[in-house]
Amino acid sequence: MSQRRIKLSLLSVSRSSFTLIAVGIALAGCGAREELDALSSPRRSAFPPASSGGSGGVLASGGSGGLPAQGGAHWGGSAGLGGQAGVHVGGGAGASAGGGAGASGGGASGESGAASQAGGGGSTNSDPCLPNPCQNGGRCFPVMAKTLCKCVNGFIGALCELPSFEPLGVALGASRSRAQAISADGQVVVGNLQFAATFDWQGFRWTRETGYVPLGFLSTANGESEAAAVSADGTFIAGDSSDTLERPVRWAADLQISNLGIAPMRNNGYVTGISGDGAVVVGFAYSNTDIVDYMFRWTALGMQEIGQGRAEGISSDARVIVGYVAPTDGEFGNAASWGTGSADPASLAAAPGFQYTSAHATNSDGSVIVGEAFNWDTSAHAVRWTSAGLEDLGTLPGDNHCAAFAVSADGSLIAGQSSTMSLYDDDGRAMIWDAKQGMRALIDTLIAQGAALDGWQLIRVSGVSADGSVLVGWGKDPTGTIEAFVARLEL
């Protein structure tokens with residue numbers, strides 16, 4: 001019976017990189033030897049410590065569930081599981097050993113006779129890297145009858161199956177596309193396609209499996225719809241569609257469209273957010289004679305108007321609505337939040353040096369609210385509100401306008417747009433922010449991950465998955481076309 005001996009020494013791990021050195025693999029009695037030396041990667045995570053089993057002190061990876069750490073290396077678990085990883089040690093149920101000289105992979109026992117178990121059911125002579133499970137040029141290394149994929153060329157994932165940057169293109173004869181929101185798991189994207197001939201928009205749902213799927217209209221005569229938000233599991237999509245006027249609508253899983261109605265005295269309504277379960281929809285409405293907007297909340301009980309101004313977002317648990325309160329003269333007001341069932345807003349802290357504030361989004365429980373503080377068209381800074389008050393996040397270097405439009409479930413990752421001009425045209429730079437690294441351009445982070453972005457200008461991040469690893473928005477491709485994108489970060 002052959003004996004495999006593997007020794008891994010993890011000597012240095014930093015926040016921005018890890019180095020796997022002093023790796024020797026000796027395969028006694030086997031006809032193959034694989035050597036890993038000075039394996040480096042720009043990922044920002046570390047291998048978890050090895051655990052020893054029995055008296056033999058065998059290195060063993062986790063059980064069948066694995067450790068779904070977010071970062072460059074994942075140990076244990078089923079192959080392909082573990083989030084946005086550039087390097088993965090995966091396979092079957094892990095290895096265990098009791099006593100003796102240790103365990104060999106593939107379900108064989110060590111020379112001491114101590115039983116060992118390894119997932120996959122293969123023999124000690126089988127090579128788990130044949131055929132190579134790593135996709136897109138990824139290199140496979142066998143480790144304890146499991147596989148480690150070293151990704152290249154801007155791909156990430158357990159098997160290097162996902163591109164760091166994925167442009168969605170345009171479809172259905174449209175001239176441009178914009179992604180507006182993404183489901184909590186990062187799988188379902190919603191947004192809008194615009195058609196050059198009419199300047200009309202049509203909403204879409206997109207997944208990697210289906211590509212673009214168009215959303216229907218209330219009226220085929222007018223033929224326009226826009227998707228603004230999606231429920232946590234991707235089942236419900238909320239937005240607006242025209243009959244003779246703009247109406248708040250919701251699409252179900254089968255893409256059947258429902259008119260949510262509108263409050264009395266209002267003509268047009270626009271959706272800005274939806275709760276995690278899809279049961280609560282928020283937005284704003286106005287009439288053709290109004291100089292101010294009116295916030296609304298929709299539930300199965302009907303439409304409820306909750307004050308002057310705009311509701312811009314809602315927490316996943318539906319407990320907090322965010323937006324801004326507007327004065328009667330139609331000017332911008334200040335950011336505010338509303339609790340469950342409340343019609344009375346709670347003003348958020350003002351920003352020193354700025355006339356106005358607006359809240360655009362909130363995390364899953366409403367404890368972190370993000371938006372902007374601004375002085376009309378002259379300047380704007382991204383801001384966030386927490387229990388500690390307001391924090392000015394600033395702008396990207398050289399810019400004087402910035403706003404946060406999306407935030408992860410725990411509030412740790414914030415994203416939006418920074419610009420030298422207006423934030424509401426096709427200019428500017430998509431930005432991300434966290435407490436450790438501050439604000440930086442999304443494109444720089446993606447290029448550091450190996451993504452090819454020559455000729456691209458990423459303009460805005462409009463949506464973030466729950467864990468902050470998947471972002472959606474739009475940019476300008478090398479031909480100058482405005483195009484939706486999906487970006488995946490190695491956290």
# chains A, B, ... in the order shown; residues from 1 in each chain; ligands from 1
>>> residues_around(residues="Val280 in chain A", least_positions_apart="5", cutoff="10 Å", atoms="only C-alpha atoms", output="list of chain:residue names")
A:Ser231, A:Ala238, A:Gly273, A:Ile274, A:Ser275, A:Arg297, A:Trp298, A:Thr299, A:Ala300, A:Ile314, A:Ser316, A:Asp317, A:Ala318, A:Arg319
>>> select_by_dssp(residues="range 215-451 of chain A", states="helix (DSSP H, G or I)", output="list in words")
Leu442, Ile443, Asp444, Thr445, Leu446, Ile447 and Ala448 of chain A
>>> write_last_selection(atoms="N, CA, C and O atoms", output="tab-separated table (two decimals), in the first residue's frame")
chain	number	residue	atom	x	y	z
A	442	LEU	N	-13.79	51.50	-8.97
A	442	LEU	CA	-14.05	50.08	-9.19
A	442	LEU	C	-13.15	49.51	-10.26
A	442	LEU	O	-12.65	48.39	-10.14
A	443	ILE	N	-12.91	50.26	-11.32
A	443	ILE	CA	-12.13	49.74	-12.43
A	443	ILE	C	-10.71	49.37	-11.99
A	443	ILE	O	-10.14	48.38	-12.45
A	444	ASP	N	-10.14	50.14	-11.05
A	444	ASP	CA	-8.79	49.83	-10.57
A	444	ASP	C	-8.76	48.50	-9.82
A	444	ASP	O	-7.83	47.72	-9.95
A	445	THR	N	-9.79	48.26	-9.02
A	445	THR	CA	-9.87	47.01	-8.27
A	445	THR	C	-10.00	45.82	-9.22
A	445	THR	O	-9.36	44.77	-9.02
A	446	LEU	N	-10.82	45.95	-10.25
A	446	LEU	CA	-11.01	44.85	-11.19
A	446	LEU	C	-9.75	44.57	-12.00
A	446	LEU	O	-9.41	43.41	-12.26
A	447	ILE	N	-9.05	45.62	-12.40
A	447	ILE	CA	-7.81	45.43	-13.15
A	447	ILE	C	-6.78	44.72	-12.27
A	447	ILE	O	-6.04	43.83	-12.73
A	448	ALA	N	-6.75	45.06	-10.98
A	448	ALA	CA	-5.83	44.38	-10.07
A	448	ALA	C	-6.16	42.90	-9.93
A	448	ALA	O	-5.29	42.08	-9.62
>>> closest_atom_pairs(of="range 159-204 of chain A", to="range 405-421 of chain A", cutoff="12 Å", atoms="only C-alpha atoms", output="tab-separated table")
residue	atom	partner	partner_atom	distance
A:Gln180	CA	A:Ala406	CA	10.0
A:Ala181	CA	A:Ala406	CA	8.9
A:Ile182	CA	A:Ala406	CA	10.3
A:Ser183	CA	A:Ser408	CA	11.3
A:Ala184	CA	A:Ala409	CA	8.3
A:Asp185	CA	A:Ala409	CA	10.9
A:Gly186	CA	A:Ser408	CA	11.3
>>> residues_around(residues="Pro131 in chain A", least_positions_apart="6", cutoff="12 Å", atoms="only C-alpha atoms", output="PyMOL selection string")
chain A and resi 139-142+147
>>> write_last_selection(atoms="all heavy atoms", output="compact mmCIF listing (two decimals), in the first residue's frame")
# COMPACT_ATOMS: atom_id res chain seq x y z
N ARG A 139 -5.06 26.52 -13.35
CA ARG A 139 -4.12 25.42 -13.15
C ARG A 139 -4.56 24.61 -11.93
O ARG A 139 -4.90 25.17 -10.89
CB ARG A 139 -2.71 25.95 -12.95
CG ARG A 139 -1.64 24.86 -12.94
CD ARG A 139 -0.26 25.49 -12.81
NE ARG A 139 0.77 24.47 -12.73
CZ ARG A 139 2.03 24.71 -12.42
NH1 ARG A 139 2.41 25.96 -12.17
NH2 ARG A 139 2.91 23.73 -12.38
N CYS A 140 -4.54 23.31 -12.06
CA CYS A 140 -5.01 22.42 -10.99
C CYS A 140 -3.84 21.79 -10.26
O CYS A 140 -2.86 21.36 -10.88
CB CYS A 140 -5.89 21.32 -11.59
SG CYS A 140 -6.55 20.16 -10.36
N PHE A 141 -3.95 21.74 -8.92
CA PHE A 141 -2.96 21.07 -8.08
C PHE A 141 -3.68 20.07 -7.18
O PHE A 141 -4.66 20.42 -6.54
CB PHE A 141 -2.21 22.09 -7.22
CG PHE A 141 -1.45 23.10 -8.00
CD1 PHE A 141 -2.01 24.36 -8.25
CD2 PHE A 141 -0.20 22.82 -8.50
CE1 PHE A 141 -1.32 25.30 -8.98
CE2 PHE A 141 0.50 23.77 -9.23
CZ PHE A 141 -0.06 25.01 -9.48
N PRO A 142 -3.20 18.83 -7.13
CA PRO A 142 -3.81 17.85 -6.22
C PRO A 142 -3.29 18.03 -4.81
O PRO A 142 -2.09 18.13 -4.58
CB PRO A 142 -3.37 16.51 -6.81
CG PRO A 142 -2.05 16.81 -7.47
CD PRO A 142 -2.13 18.24 -7.95
N THR A 147 -8.63 19.08 -5.00
CA THR A 147 -8.07 19.91 -6.05
C THR A 147 -7.97 21.35 -5.60
O THR A 147 -8.84 21.86 -4.89
CB THR A 147 -8.93 19.84 -7.32
OG1 THR A 147 -10.26 20.22 -7.00
CG2 THR A 147 -8.91 18.46 -7.92
>>> residues_around(residues="Ala179 in chain A", least_positions_apart="6", cutoff="6 Å", atoms="only C-alpha atoms", output="list in words")
Val190, Gly191, Val472, Gly473 and Ala484 of chain A
>>> write_last_selection(atoms="C-alpha atoms", output="short mmCIF file (atom, residue, chain, number, x, y, z; two decimals), in the first residue's frame")
data_model
loop_
_atom_site.label_atom_id
_atom_site.label_comp_id
_atom_site.auth_asym_id
_atom_site.auth_seq_id
_atom_site.Cartn_x
_atom_site.Cartn_y
_atom_site.Cartn_z
CA VAL A 190 -32.70 43.65 -13.47
CA GLY A 191 -32.42 46.80 -15.49
CA VAL A 472 -24.05 45.78 -11.13
CA GLY A 473 -24.27 49.05 -12.99
CA ALA A 484 -24.79 47.08 -18.35
#
>>> residues_around(residues="Ala326 in chain A", least_positions_apart="2", cutoff="12 Å", atoms="only C-alpha atoms", output="PyMOL selection string")
chain A and resi 284+291-295+307-311+323-324+328-336+345+347+356-358
>>> residues_around(residues="Ala452 in chain A", least_positions_apart="2", cutoff="9 Å", atoms="only C-alpha atoms", output="mmCIF file with C-alpha atoms, in the first residue's frame")
data_model
loop_
_atom_site.group_PDB
_atom_site.id
_atom_site.type_symbol
_atom_site.label_atom_id
_atom_site.label_comp_id
_atom_site.auth_asym_id
_atom_site.auth_seq_id
_atom_site.Cartn_x
_atom_site.Cartn_y
_atom_site.Cartn_z
ATOM 1 C CA ASN A 153 -6.773 35.999 -16.711
ATOM 2 C CA GLY A 154 -9.308 37.765 -14.499
ATOM 3 C CA PHE A 165 -15.926 41.657 -15.140
ATOM 4 C CA LEU A 446 -11.014 44.852 -11.191
ATOM 5 C CA ILE A 447 -7.806 45.430 -13.146
ATOM 6 C CA GLY A 450 -6.676 40.562 -13.732
ATOM 7 C CA ASP A 454 -8.976 48.411 -21.975
#
>>> select_by_dssp(residues="range 306-477 of chain A", states="strand (DSSP E or B)", output="count of residues only")
89
